[in-house]
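K.L.:
Take a look at upload_4.txt, compact mmCIF, C-alpha atoms and all ligand atoms:
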# COMPACT_ATOMS: atom_id res chain seq x y z
CA MET Q 19 91.84 62.52 72.96
CA ARG Q 20 91.58 65.91 71.28
CA SER Q 21 94.69 67.09 69.48
CA ILE Q 22 96.33 70.33 70.54
CA GLU Q 23 99.24 69.90 68.15
CA LYS Q 24 99.23 73.51 66.95
CA SER Q 25 99.23 74.87 70.50
CA GLN Q 26 102.10 72.52 71.38
CA GLN Q 27 104.14 73.75 68.42
CA ALA Q 28 103.28 77.37 69.17
CA PHE Q 29 104.36 76.93 72.80
CA LYS Q 30 107.68 75.43 71.74
CA ASP Q 31 108.27 78.34 69.42
CA ALA Q 32 107.23 80.96 72.00
CA SER Q 33 109.51 79.35 74.61
CA ASN Q 34 112.53 80.50 72.58
CA TYR Q 35 111.48 84.10 73.02
CA PHE Q 36 109.62 84.34 76.33
CA PRO Q 37 110.67 82.88 79.70
CA GLY Q 38 108.42 79.86 80.18
CA GLY Q 39 106.85 80.63 76.81
CA VAL Q 40 104.49 83.28 78.17
CA ASP Q 41 104.19 86.96 79.04
CA SER Q 42 102.62 86.32 82.45
CA PRO Q 43 103.46 83.22 84.56
CA VAL Q 44 99.98 81.88 85.37
CA ARG Q 45 99.20 81.48 81.67
CA ALA Q 46 101.77 78.69 81.38
CA PHE Q 47 99.70 75.74 82.76
CA LYS Q 48 103.05 74.66 84.28
CA ASN Q 49 101.41 73.91 87.59
CA VAL Q 50 98.73 71.66 86.08
CA GLY Q 51 101.20 69.74 83.92
CA GLY Q 52 99.82 70.87 80.59
CA ASN Q 53 100.55 72.85 77.48
CA PRO Q 54 98.83 76.26 77.41
CA LEU Q 55 96.27 76.70 74.67
CA PHE Q 56 96.99 79.41 72.15
CA ILE Q 57 93.82 81.38 71.56
CA LYS Q 58 92.69 82.60 68.18
CA LYS Q 59 89.55 84.46 69.13
CA GLY Q 60 86.85 85.01 71.68
CA ALA Q 61 83.12 85.60 71.21
CA GLY Q 62 80.72 86.09 74.12
CA SER Q 63 81.28 83.36 76.70
CA HIS Q 64 83.50 81.30 74.38
CA ILE Q 65 87.13 81.17 73.34
CA TYR Q 66 88.57 79.28 70.38
CA ASP Q 67 92.07 77.82 70.27
CA ILE Q 68 94.31 77.56 67.20
CA ASP Q 69 93.56 73.82 66.87
CA GLY Q 70 89.90 74.64 66.30
CA HIS Q 71 88.50 73.70 69.74
CA ASP Q 72 85.81 75.72 71.43
CA TYR Q 73 85.62 76.35 75.21
CA ILE Q 74 83.19 77.93 77.64
CA ASP Q 75 85.49 80.51 79.20
CA TYR Q 76 85.42 81.30 82.93
CA VAL Q 77 88.85 83.00 83.00
CA LEU Q 78 87.62 85.97 80.92
CA SER Q 79 91.12 87.42 80.63
CA TRP Q 80 91.46 86.99 84.43
CA GLY Q 81 88.42 89.10 85.17
CA PRO Q 82 88.08 92.14 82.90
CA LEU Q 83 85.58 90.73 80.38
CA ILE Q 84 82.39 91.04 82.39
CA LEU Q 85 80.45 91.52 79.11
CA GLY Q 86 82.21 88.53 77.54
CA HIS Q 87 84.55 88.58 74.55
CA ALA Q 88 84.11 91.11 71.75
CA ASP Q 89 80.91 92.65 73.11
CA ALA Q 90 79.22 94.37 70.14
CA LYS Q 91 78.88 97.82 71.76
CA VAL Q 92 82.45 97.80 73.07
CA VAL Q 93 83.78 96.76 69.66
CA THR Q 94 81.78 99.45 67.85
CA ALA Q 95 82.96 102.13 70.28
CA LEU Q 96 86.58 101.03 69.96
CA LYS Q 97 86.43 101.01 66.16
CA ALA Q 98 85.11 104.57 66.18
CA ALA Q 99 87.76 105.65 68.70
CA VAL Q 100 90.72 104.14 66.87
CA SER Q 101 89.98 106.07 63.69
CA ASN Q 102 90.48 109.30 65.67
CA GLY Q 103 94.00 108.30 66.70
CA THR Q 104 95.22 106.15 69.55
CA SER Q 105 96.94 108.59 71.89
CA TYR Q 106 97.59 112.33 72.10
CA GLY Q 107 99.46 112.85 75.35
CA ALA Q 108 96.97 115.65 76.05
CA PRO Q 109 93.73 115.67 78.02
CA THR Q 110 90.51 114.38 76.45
CA LEU Q 111 86.84 114.49 77.45
CA LEU Q 112 86.90 110.70 77.63
CA GLU Q 113 88.98 110.70 80.83
CA THR Q 114 86.50 112.91 82.67
CA THR Q 115 83.58 110.87 81.32
CA LEU Q 116 85.06 107.67 82.72
CA ALA Q 117 85.99 109.35 86.02
CA LYS Q 118 82.42 110.62 86.48
CA LYS Q 119 81.05 107.17 85.73
CA ILE Q 120 83.45 105.54 88.22
CA GLN Q 121 82.58 108.07 90.92
CA SER Q 122 78.85 107.56 90.38
CA ILE Q 123 79.35 103.84 91.08
CA VAL Q 124 82.13 104.06 93.70
CA PRO Q 125 81.54 107.38 95.54
CA THR Q 126 84.70 107.10 97.71
CA MET Q 127 86.69 107.91 94.54
CA GLU Q 128 86.51 111.67 95.14
CA MET Q 129 89.58 112.24 92.95
CA MET Q 130 91.50 109.72 90.92
CA ARG Q 131 94.17 109.13 88.35
CA MET Q 132 94.09 106.81 85.35
CA VAL Q 133 97.01 104.44 84.77
CA SER Q 134 97.61 101.44 82.51
CA SER Q 135 97.56 98.42 84.85
CA GLY Q 136 96.54 97.26 88.30
CA THR Q 137 100.21 97.00 89.25
CA GLU Q 138 100.71 100.65 88.44
CA ALA Q 139 97.59 101.60 90.42
CA THR Q 140 98.67 99.84 93.64
CA MET Q 141 102.31 100.89 93.30
CA SER Q 142 101.24 104.51 92.92
CA ALA Q 143 98.69 104.29 95.74
CA ILE Q 144 101.30 103.13 98.26
CA ARG Q 145 103.66 105.89 97.11
CA VAL Q 146 100.92 108.42 97.75
CA ALA Q 147 100.21 106.87 101.17
CA ARG Q 148 103.90 107.01 102.06
CA GLY Q 149 104.20 110.57 100.76
CA VAL Q 150 101.17 111.83 102.65
CA THR Q 151 102.00 110.16 105.97
CA LYS Q 152 105.77 110.60 105.65
CA ARG Q 153 106.13 107.00 106.86
CA ASP Q 154 107.78 104.02 105.11
CA LYS Q 155 106.20 100.85 106.46
CA ILE Q 156 103.21 99.23 104.82
CA VAL Q 157 101.08 96.26 105.82
CA LYS Q 158 99.81 93.60 103.42
CA PHE Q 159 98.18 90.23 103.96
CA ILE Q 160 99.61 86.83 103.16
CA GLY Q 161 98.08 85.48 99.95
CA ASN Q 162 96.79 88.86 98.79
CA TYR Q 163 98.22 89.92 95.43
CA HIS Q 164 98.62 93.56 94.49
CA GLY Q 165 100.61 93.34 91.26
CA HIS Q 166 104.35 92.91 90.93
CA SER Q 167 105.93 96.10 92.29
CA ASP Q 168 108.83 95.54 94.73
CA SER Q 169 107.16 96.53 98.00
CA LEU Q 170 104.08 94.42 97.30
CA LEU Q 171 105.77 91.26 96.07
CA VAL Q 172 106.15 89.82 99.56
CA ASP Q 173 104.11 86.73 100.60
CA ALA Q 174 101.87 87.36 97.62
CA GLY Q 175 99.10 85.26 96.09
CA SER Q 176 98.29 84.43 92.45
CA GLY Q 177 101.26 83.22 90.36
CA VAL Q 178 103.67 83.95 93.22
CA ALA Q 179 101.82 81.34 95.29
CA THR Q 180 101.20 78.98 92.38
CA PHE Q 181 104.93 78.73 91.69
CA ASP Q 182 105.88 78.82 95.37
CA ILE Q 183 108.03 81.97 95.18
CA ASN Q 184 107.59 83.44 98.66
CA THR Q 185 109.51 86.59 98.04
CA SER Q 186 110.95 87.19 94.61
CA PRO Q 187 114.70 87.48 94.07
CA GLY Q 188 115.38 91.03 92.96
CA VAL Q 189 113.23 92.71 95.60
CA PRO Q 190 115.69 94.79 97.67
CA LYS Q 191 115.87 93.67 101.32
CA ALA Q 192 115.29 97.22 102.47
CA LEU Q 193 111.95 97.35 100.67
CA ALA Q 194 110.86 93.91 101.83
CA TYR Q 195 111.83 94.98 105.36
CA ASP Q 196 109.32 97.82 105.22
CA THR Q 197 106.51 95.48 104.13
CA LEU Q 198 104.94 93.90 107.21
CA THR Q 199 102.76 90.87 106.51
CA SER Q 200 99.95 89.35 108.49
CA PRO Q 201 97.55 86.42 107.95
CA TYR Q 202 94.25 87.33 106.25
CA ASN Q 203 91.14 87.48 108.43
CA ASP Q 204 93.30 87.41 111.59
CA VAL Q 205 92.20 90.23 113.91
CA ALA Q 206 94.58 89.40 116.78
CA THR Q 207 97.77 89.53 114.69
CA ILE Q 208 96.97 92.82 112.98
CA LYS Q 209 96.23 94.36 116.38
CA GLN Q 210 99.65 93.22 117.61
CA ILE Q 211 101.34 94.69 114.53
CA PHE Q 212 99.69 98.05 115.16
CA GLU Q 213 100.60 97.94 118.86
CA LYS Q 214 104.24 97.52 117.94
CA HIS Q 215 104.56 99.60 114.74
CA GLY Q 216 101.37 101.71 114.62
CA ASP Q 217 103.12 105.06 114.30
CA GLU Q 218 105.42 103.87 111.50
CA ILE Q 219 102.73 102.43 109.24
CA ALA Q 220 101.90 104.50 106.14
CA CYS Q 221 99.11 102.24 104.93
CA VAL Q 222 97.34 98.94 105.06
CA ILE Q 223 96.55 97.50 101.63
CA VAL Q 224 94.00 94.70 101.44
CA GLU Q 225 91.81 92.83 98.99
CA PRO Q 226 88.47 93.19 100.83
CA VAL Q 227 87.28 90.11 98.98
CA ALA Q 228 90.47 88.20 98.26
CA GLY Q 229 90.67 86.67 94.79
CA ASN Q 230 94.30 85.72 94.42
CA MET Q 231 94.27 82.66 96.67
CA GLY Q 232 90.96 81.51 95.25
CA VAL Q 233 87.99 83.52 96.51
CA ILE Q 234 88.11 84.25 100.23
CA PRO Q 235 85.81 86.99 101.52
CA GLY Q 236 87.21 89.20 104.26
CA THR Q 237 85.14 88.95 107.43
CA GLN Q 238 83.22 92.04 108.56
CA ASP Q 239 85.10 92.02 111.85
CA PHE Q 240 88.50 91.86 110.13
CA LEU Q 241 87.81 94.72 107.70
CA GLN Q 242 86.16 96.81 110.41
CA THR Q 243 89.25 96.29 112.59
CA LEU Q 244 91.48 97.52 109.74
CA ARG Q 245 89.31 100.62 109.39
CA GLU Q 246 89.52 101.38 113.13
CA LEU Q 247 93.24 100.67 113.55
CA THR Q 248 94.26 102.81 110.56
CA GLN Q 249 92.07 105.65 111.81
CA GLN Q 250 93.52 105.47 115.33
CA HIS Q 251 97.12 105.47 114.07
CA GLY Q 252 96.90 107.99 111.22
CA SER Q 253 97.53 105.31 108.57
CA ILE Q 254 95.78 105.13 105.22
CA LEU Q 255 93.46 102.23 104.42
CA ILE Q 256 93.71 101.13 100.78
CA PHE Q 257 91.14 98.71 99.39
CA ASP Q 258 92.70 97.00 96.41
CA GLU Q 259 89.60 96.40 94.31
CA VAL Q 260 91.45 95.76 91.05
CA MET Q 261 89.62 92.42 90.96
CA SER Q 262 86.66 92.85 93.32
CA GLY Q 263 85.61 96.25 91.89
CA PHE Q 264 82.61 95.77 89.56
CA ARG Q 265 82.93 92.03 90.33
CA ALA Q 266 82.14 91.24 93.99
CA ALA Q 267 79.21 93.62 93.54
CA TYR Q 268 78.25 96.44 91.17
CA ARG Q 269 79.65 99.01 93.61
CA GLY Q 270 82.57 96.84 94.65
CA ALA Q 271 83.37 94.98 97.85
CA GLN Q 272 83.32 98.24 99.82
CA SER Q 273 79.55 98.45 99.26
CA LEU Q 274 79.04 94.93 100.65
CA TYR Q 275 80.71 95.76 103.96
CA GLY Q 276 79.64 99.39 104.25
CA ILE Q 277 83.24 100.38 104.99
CA GLN Q 278 84.83 103.45 103.41
CA PRO Q 279 88.52 103.09 102.60
CA ASP Q 280 90.71 106.20 102.28
CA MET Q 281 91.95 105.05 98.89
CA THR Q 282 90.82 102.48 96.32
CA THR Q 283 92.63 100.87 93.41
CA LEU Q 284 90.71 99.60 90.38
CA GLY Q 285 91.69 97.71 87.24
CA LYS Q 286 90.46 94.76 85.18
CA VAL Q 287 86.71 95.44 84.53
CA VAL Q 288 87.28 99.22 84.63
CA GLY Q 289 89.11 98.92 81.28
CA GLY Q 290 86.72 96.40 79.70
CA GLY Q 291 89.66 94.37 78.34
CA LEU Q 292 91.96 97.29 77.55
CA PRO Q 293 94.91 98.23 79.78
CA VAL Q 294 93.48 100.46 82.52
CA GLY Q 295 94.10 100.90 86.21
CA VAL Q 296 92.85 103.65 88.51
CA PHE Q 297 93.95 104.85 91.93
CA GLY Q 298 92.04 107.40 93.90
CA GLY Q 299 90.11 108.24 97.03
CA ARG Q 300 89.88 111.09 99.51
CA ARG Q 301 90.28 114.49 97.91
CA ASP Q 302 92.71 115.76 100.58
CA ILE Q 303 94.98 112.80 99.86
CA MET Q 304 94.79 112.87 96.05
CA LYS Q 305 95.40 116.65 95.98
CA GLN Q 306 98.96 115.89 97.00
CA VAL Q 307 99.70 114.16 93.68
CA ALA Q 308 101.74 116.16 91.13
CA PRO Q 309 101.27 118.67 89.64
CA GLN Q 310 98.76 119.78 92.32
CA GLY Q 311 101.08 118.45 95.02
CA PRO Q 312 104.61 117.06 95.31
CA ILE Q 313 104.05 113.28 95.08
CA TYR Q 314 105.11 112.22 91.63
CA HIS Q 315 103.21 110.01 89.25
CA ALA Q 316 103.11 110.09 85.43
CA GLY Q 317 102.39 107.97 82.36
CA THR Q 318 102.84 108.42 78.59
CA LEU Q 319 99.75 106.36 77.78
CA SER Q 320 97.77 107.08 80.98
CA GLY Q 321 94.12 107.75 80.14
CA ASN Q 322 94.64 107.15 76.42
CA PRO Q 323 91.46 107.34 74.30
CA LEU Q 324 91.27 103.65 73.44
CA ALA Q 325 91.61 102.48 77.03
CA MET Q 326 89.10 105.08 78.23
CA THR Q 327 86.64 104.02 75.51
CA GLY Q 328 86.96 100.38 76.55
CA GLY Q 329 86.14 101.40 80.12
CA ILE Q 330 83.29 103.78 79.29
CA SER Q 331 81.52 101.43 76.89
CA THR Q 332 81.78 98.63 79.46
CA LEU Q 333 80.68 100.55 82.57
CA GLU Q 334 77.79 102.16 80.65
CA GLN Q 335 76.29 98.72 80.14
CA LEU Q 336 76.57 97.60 83.77
CA THR Q 337 73.49 97.82 86.00
CA PRO Q 338 72.57 96.40 89.41
CA ALA Q 339 69.99 94.20 87.63
CA LEU Q 340 72.71 92.68 85.46
CA TYR Q 341 74.65 91.79 88.64
CA ASP Q 342 71.58 90.07 90.06
CA GLN Q 343 71.37 87.93 86.92
CA MET Q 344 75.07 87.04 86.92
CA THR Q 345 75.06 86.34 90.67
CA GLU Q 346 72.07 84.04 90.23
CA LYS Q 347 74.03 82.08 87.61
CA VAL Q 348 77.01 81.84 89.94
CA ASN Q 349 74.75 80.63 92.77
CA ARG Q 350 73.32 77.89 90.58
CA LEU Q 351 76.75 76.87 89.31
CA ALA Q 352 78.17 76.77 92.85
CA LYS Q 353 75.34 74.52 94.00
CA GLY Q 354 75.84 72.28 90.97
CA ILE Q 355 79.56 71.96 91.73
CA LYS Q 356 78.90 71.14 95.39
CA ASP Q 357 76.33 68.50 94.45
CA ALA Q 358 78.66 66.99 91.83
CA ALA Q 359 81.48 66.73 94.37
CA ALA Q 360 79.18 65.32 97.06
CA SER Q 361 77.79 62.62 94.80
CA HIS Q 362 81.39 61.56 94.09
CA HIS Q 363 82.34 61.75 97.80
CA ILE Q 364 84.97 64.41 97.14
CA PRO Q 365 85.52 66.99 99.92
CA ILE Q 366 85.10 70.46 98.44
CA VAL Q 367 84.67 74.05 99.57
CA VAL Q 368 83.02 76.36 97.03
CA HIS Q 369 83.33 80.12 97.57
CA HIS Q 370 81.59 82.78 95.53
CA VAL Q 371 80.89 86.48 95.90
CA GLY Q 372 78.90 88.20 93.13
CA THR Q 373 80.50 87.26 89.82
CA MET Q 374 83.64 85.67 91.37
CA TRP Q 375 83.82 81.95 92.19
CA SER Q 376 86.35 79.27 93.05
CA TYR Q 377 86.55 75.88 94.73
CA PHE Q 378 89.06 74.09 96.92
CA PHE Q 379 89.51 70.34 97.32
CA ASN Q 380 89.64 70.80 101.03
CA GLN Q 381 87.74 69.72 104.18
CA GLY Q 382 87.34 73.43 105.09
CA PRO Q 383 86.97 75.95 106.43
CA VAL Q 384 89.09 78.10 104.06
CA ASN Q 385 89.63 81.55 105.55
CA ASN Q 386 93.28 82.31 104.84
CA PHE Q 387 96.35 81.28 102.86
CA ASP Q 388 97.34 78.44 105.23
CA ASP Q 389 93.90 76.91 104.77
CA VAL Q 390 94.22 77.10 100.97
CA GLN Q 391 97.56 75.32 101.14
CA ARG Q 392 95.90 72.33 102.79
CA SER Q 393 93.95 71.71 99.56
CA ASP Q 394 94.62 68.68 97.38
CA MET Q 395 96.59 70.36 94.59
CA ALA Q 396 97.45 67.11 92.80
CA PHE Q 397 93.76 66.29 92.49
CA PHE Q 398 93.11 69.84 91.30
CA ALA Q 399 95.67 69.49 88.48
CA LYS Q 400 94.01 66.31 87.19
CA PHE Q 401 90.57 67.80 87.59
CA PHE Q 402 91.49 70.98 85.71
CA ASN Q 403 92.66 68.91 82.73
CA ALA Q 404 89.53 66.75 82.82
CA LEU Q 405 87.37 69.91 82.72
CA LEU Q 406 89.40 71.28 79.83
CA ALA Q 407 88.80 68.05 77.92
CA GLN Q 408 85.05 68.74 78.39
CA GLY Q 409 85.48 72.17 76.75
CA ILE Q 410 85.39 74.08 80.04
CA TYR Q 411 88.19 76.60 80.45
CA THR Q 412 88.86 77.50 84.10
CA ALA Q 413 91.82 79.06 85.90
CA PRO Q 414 94.80 76.66 85.87
CA SER Q 415 95.59 77.12 89.58
CA GLU Q 416 93.76 76.67 92.85
CA TYR Q 417 95.13 80.09 93.83
CA GLU Q 418 93.03 81.82 91.18
CA THR Q 419 89.46 82.95 90.73
CA ASN Q 420 86.95 82.09 88.02
CA PHE Q 421 84.44 84.63 86.78
CA MET Q 422 80.97 84.94 85.22
CA SER Q 423 80.04 87.18 82.31
CA SER Q 424 76.71 88.60 81.20
CA LYS Q 425 76.95 86.38 78.11
CA HIS Q 426 76.96 82.99 79.86
CA THR Q 427 73.56 81.37 79.27
CA ASP Q 428 71.54 79.12 81.56
CA ASP Q 429 72.22 76.28 79.11
CA GLU Q 430 75.93 76.86 79.44
CA ILE Q 431 75.68 76.73 83.22
CA ASP Q 432 73.90 73.35 82.87
CA GLN Q 433 76.58 72.15 80.44
CA THR Q 434 79.25 73.26 82.90
CA ILE Q 435 77.64 71.40 85.79
CA ALA Q 436 77.39 68.29 83.59
CA GLY Q 437 81.06 68.84 82.72
CA PHE Q 438 82.01 68.90 86.41
CA ASN Q 439 80.17 65.61 86.97
CA GLN Q 440 81.91 64.02 83.99
CA ALA Q 441 85.30 65.35 85.09
CA PHE Q 442 84.84 63.83 88.57
CA ASP Q 443 83.95 60.49 86.91
CA ASP Q 444 87.00 60.69 84.67
CA VAL Q 445 89.47 61.59 87.42
CA LEU Q 446 88.15 58.94 89.81
CA LYS Q 447 88.38 56.28 87.10
CA GLY Q 448 91.98 57.49 86.57
C1 LIG C 501 95.20 91.59 88.95
C2 LIG C 501 95.41 92.29 90.22
C3 LIG C 501 96.40 93.29 90.36
C4 LIG C 501 97.38 93.60 89.27
O1 LIG C 501 96.80 94.09 88.12
P1 LIG C 501 97.60 94.00 86.72
O2 LIG C 501 96.72 94.73 85.77
O3 LIG C 501 97.77 92.54 86.44
O4 LIG C 501 98.92 94.67 86.93
C5 LIG C 501 96.45 94.00 91.54
N1 LIG C 501 95.61 93.73 92.56
C6 LIG C 501 94.67 92.78 92.47
C7 LIG C 501 93.75 92.55 93.61
C8 LIG C 501 94.56 92.01 91.31
O5 LIG C 501 93.64 91.03 91.25
Take the structure from the file and write it as structure tokens.
Ligand SMILES: *Cc1c(COP(=O)(O)O)cnc(C)c1O
P.N.:
Amino acid sequence: MRSIEKSQQAFKDASNYFPGGVDSPVRAFKNVGGNPLFIKKGAGSHIYDIDGHDYIDYVLSWGPLILGHADAKVVTALKAAVSNGTSYGAPTLLETTLAKKIQSIVPTMEMMRMVSSGTEATMSAIRVARGVTKRDKIVKFIGNYHGHSDSLLVDAGSGVATFDINTSPGVPKALAYDTLTSPYNDVATIKQIFEKHGDEIACVIVEPVAGNMGVIPGTQDFLQTLRELTQQHGSILIFDEVMSGFRAAYRGAQSLYGIQPDMTTLGKVVGGGLPVGVFGGRRDIMKQVAPQGPIYHAGTLSGNPLAMTGGISTLEQLTPALYDQMTEKVNRLAKGIKDAAASHHIPIVVHHVGTMWSYFFNQGPVNNFDDVQRSDMAFFAKFFNALLAQGIYTAPSEYETNFMSSKHTDDEIDQTIAGFNQAFDDVLKG
């Protein structure tokens, strides 16, 4: 048994200062009955904990690190940027450079604004949608996660689901009341909601490829229905691509379905590991944001030079060919996982889209949050720990997504598949 004594001590110490010992709930390993590992450094596809263990990392800071840890070009660019100062509170060329790059990859971003997190991007996007339509109600889908702002913290995925907190205490009833929720991939229910409330709905916000209840792709029919209903009723369709942008495909999930949302939110990869979020979309909508229009949004560190440099030096290295390579690795890994489960007679559903992948110990199909909840979570917890013991670091919850980076090698994919086989052996032996 490998010793994680230093991480255990560090967790005890941190628990005096941070609720649950962490700065974000899903880091705590609470749900898988373990002690979180304290990380000393990352390099490429690997992370190293403070006890000296080395792991193949598929969490990748929960998505942003598509080029792996400490990519040489990103590090060089950041070092150069930091020596010029970290923030000016005045415009820089870097912001426009990143905006042009984003627009060249995601053309529906006609105008945009830089912020410092995905939460800020989605929170601001729904304010804009409410301001433009002069309506209060919004629609979100059960098990989708859009950050932790009040209106969006209703029936959410990710840590909210992991820790079984349906609707967080502290969210005012009035705000929760204006958030209508509907099951994901359910065309009939969303039609009913629009029949009843269509003229009161400011926006529909959706993860087009959901990644906060494991990976669940939206169906073409479902997303097409959202596009048509919002158009018919004068509501704004927001694709929350904070995770799926530059992940589900080079040009995001919207390119896979050929559907144009009115607004898009980005985060994670767009900052290359620095704090960046972006909201944007149709020019006529974004023109209503202050100071061009009356809808207020601001940020002291919005678009700061370090964050912009992290984004630029990451996006500059991304190409469609690189996505083909990463997707191929995910395909091979997914097949290896399925085969490993089958040879151990374990029911499993493996989902993957582009560089996102996850698996459910479930008979299937898994198309919405209810389906995910039918998974064998107790088995998952044991399995997660068995994988960790093999030096494979995956998301510590069945409600989360794993990722692939450009730095993962074919050898590491083989090692990971062997690790899955070994972990099944270990768990079944008890
Ligand atoms: C991670 C995530 C967010 C929140 O982003 P933060 O940077 O953690 O605030 C919002 N929406 C989706 C789809 C996400 O995956």
K.L.:
Would you write out, as CSV, a table of all residues in chain Q that have an atom no more than 9 Å from an atom of ligand LIG 501 (chain C), listing for each the closest atom pair and the distance in Å to one decimal, considering all atoms listed in the file and ordering rows by chain and rising residue number?
P.N.:
residue,atom,partner,partner_atom,distance
Q:Ser42,CA,C:LIG501,O3,8.8
Q:Trp80,CA,C:LIG501,C1,7.5
Q:Gly81,CA,C:LIG501,C1,8.2
Q:Ser134,CA,C:LIG501,O2,7.5
Q:Ser135,CA,C:LIG501,O2,3.9
Q:Gly136,CA,C:LIG501,O1,3.2
Q:Thr137,CA,C:LIG501,O4,3.5
Q:Glu138,CA,C:LIG501,O4,6.4
Q:Ala139,CA,C:LIG501,C5,7.8
Q:Thr140,CA,C:LIG501,C5,6.6
Q:Asn162,CA,C:LIG501,C7,7.0
Q:Tyr163,CA,C:LIG501,C6,5.4
Q:His164,CA,C:LIG501,N1,3.6
Q:Gly165,CA,C:LIG501,C4,3.8
Q:His166,CA,C:LIG501,O4,7.0
Q:Ser167,CA,C:LIG501,O4,8.9
Q:Ser176,CA,C:LIG501,O5,8.2
Q:Val224,CA,C:LIG501,C7,8.1
Q:Glu225,CA,C:LIG501,C7,5.7
Q:Pro226,CA,C:LIG501,C7,9.0
Q:Val227,CA,C:LIG501,C7,8.8
Q:Ala228,CA,C:LIG501,C7,7.2
Q:Gly229,CA,C:LIG501,O5,6.4
Q:Asn230,CA,C:LIG501,O5,6.2
Q:Phe257,CA,C:LIG501,C7,8.8
Q:Asp258,CA,C:LIG501,C7,5.4
Q:Glu259,CA,C:LIG501,C7,5.7
Q:Val260,CA,C:LIG501,C6,4.6
Q:Met261,CA,C:LIG501,O5,4.3
Q:Ser262,CA,C:LIG501,C7,7.1
Q:Thr283,CA,C:LIG501,N1,7.8
Q:Leu284,CA,C:LIG501,N1,8.0
Q:Gly285,CA,C:LIG501,O2,6.0
Q:Lys286,CA,C:LIG501,O2,6.3
Q:Pro293,CA,C:LIG501,O2,7.2
Q:Val294,CA,C:LIG501,O2,7.3
Q:Gly295,CA,C:LIG501,O2,6.7
K.L.:
How would the residues just chosen look if you wrote them out with C-alpha atoms as a compact mmCIF listing (two decimals), keeping the file's coordinate frame?
P.N.:
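Printed below is out.txt as written:
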# COMPACT_ATOMS: atom_id res chain seq x y z
CA SER Q 42 102.62 86.32 82.45
CA TRP Q 80 91.46 86.99 84.43
CA GLY Q 81 88.42 89.10 85.17
CA SER Q 134 97.61 101.44 82.51
CA SER Q 135 97.56 98.42 84.85
CA GLY Q 136 96.54 97.26 88.30
CA THR Q 137 100.21 97.00 89.25
CA GLU Q 138 100.71 100.65 88.44
CA ALA Q 139 97.59 101.60 90.42
CA THR Q 140 98.67 99.84 93.64
CA ASN Q 162 96.79 88.86 98.79
CA TYR Q 163 98.22 89.92 95.43
CA HIS Q 164 98.62 93.56 94.49
CA GLY Q 165 100.61 93.34 91.26
CA HIS Q 166 104.35 92.91 90.93
CA SER Q 167 105.93 96.10 92.29
CA SER Q 176 98.29 84.43 92.45
CA VAL Q 224 94.00 94.70 101.44
CA GLU Q 225 91.81 92.83 98.99
CA PRO Q 226 88.47 93.19 100.83
CA VAL Q 227 87.28 90.11 98.98
CA ALA Q 228 90.47 88.20 98.26
CA GLY Q 229 90.67 86.67 94.79
CA ASN Q 230 94.30 85.72 94.42
CA PHE Q 257 91.14 98.71 99.39
CA ASP Q 258 92.70 97.00 96.41
CA GLU Q 259 89.60 96.40 94.31
CA VAL Q 260 91.45 95.76 91.05
CA MET Q 261 89.62 92.42 90.96
CA SER Q 262 86.66 92.85 93.32
CA THR Q 283 92.63 100.87 93.41
CA LEU Q 284 90.71 99.60 90.38
CA GLY Q 285 91.69 97.71 87.24
CA LYS Q 286 90.46 94.76 85.18
CA PRO Q 293 94.91 98.23 79.78
CA VAL Q 294 93.48 100.46 82.52
CA GLY Q 295 94.10 100.90 86.21
K.L.:
With distances taken over all atoms listed in the file, which residue among Q:Leu170, Q:Leu351, Q:Leu193, Q:Ile144 lies nearest Ile254 (chain Q)?
P.N.:
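Smallest distance to Ile254 (chain Q) is found for Q:Ile144.
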K.L.:
So that I can check the surroundings of Pro365 (chain Q), please list as a PyMOL selection string every protein, DNA and RNA residue that reaches within 12 Å of it, counting only C-alpha atoms and ignoring chain neighbours fewer than 2 positions away.
P.N.:
chain Q and resi 355-363+367-368+377-383+393-394+397-398+442
K.L.:
Give me, please, the distance in Å between CA of Ile234 (chain Q) and CA of Leu198 (chain Q), quoted to one decimal.
P.N.:
20.6 Å
K.L.:
If we count only C-alpha atoms, what is near Phe181 (chain Q) at a cut-off of 10 Å, once residues fewer than 5 positions away on the same chain are taken out, given as a PyMOL selection string?
P.N.:
chain Q and resi 43-44+48-49+175-176+415
K.L.:
How far is it from CA of Asp154 (chain Q) to CA of Ala308 (chain Q), in Å with one decimal?
P.N.:
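Interatomic distance, CA of Asp154 (chain Q) to CA of Ala308 (chain Q): 19.5 Å.
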K.L.:
Using Å and a single decimal, report how far CA of Thr207 (chain Q) sits from CA of Asp182 (chain Q).
P.N.:
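Distance reported for this atom pair: 23.5 Å.
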K.L.:
Find the residue from Q:Ser200, Q:Ser423, Q:Ser331, Q:Gln433 that sits nearest to Gly372 (chain Q); use all atoms listed in the file when measuring.
P.N.:
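Of Q:Ser200, Q:Ser423, Q:Ser331, Q:Gln433, the one nearest Gly372 (chain Q), counting all atoms listed in the file, is Q:Ser423.
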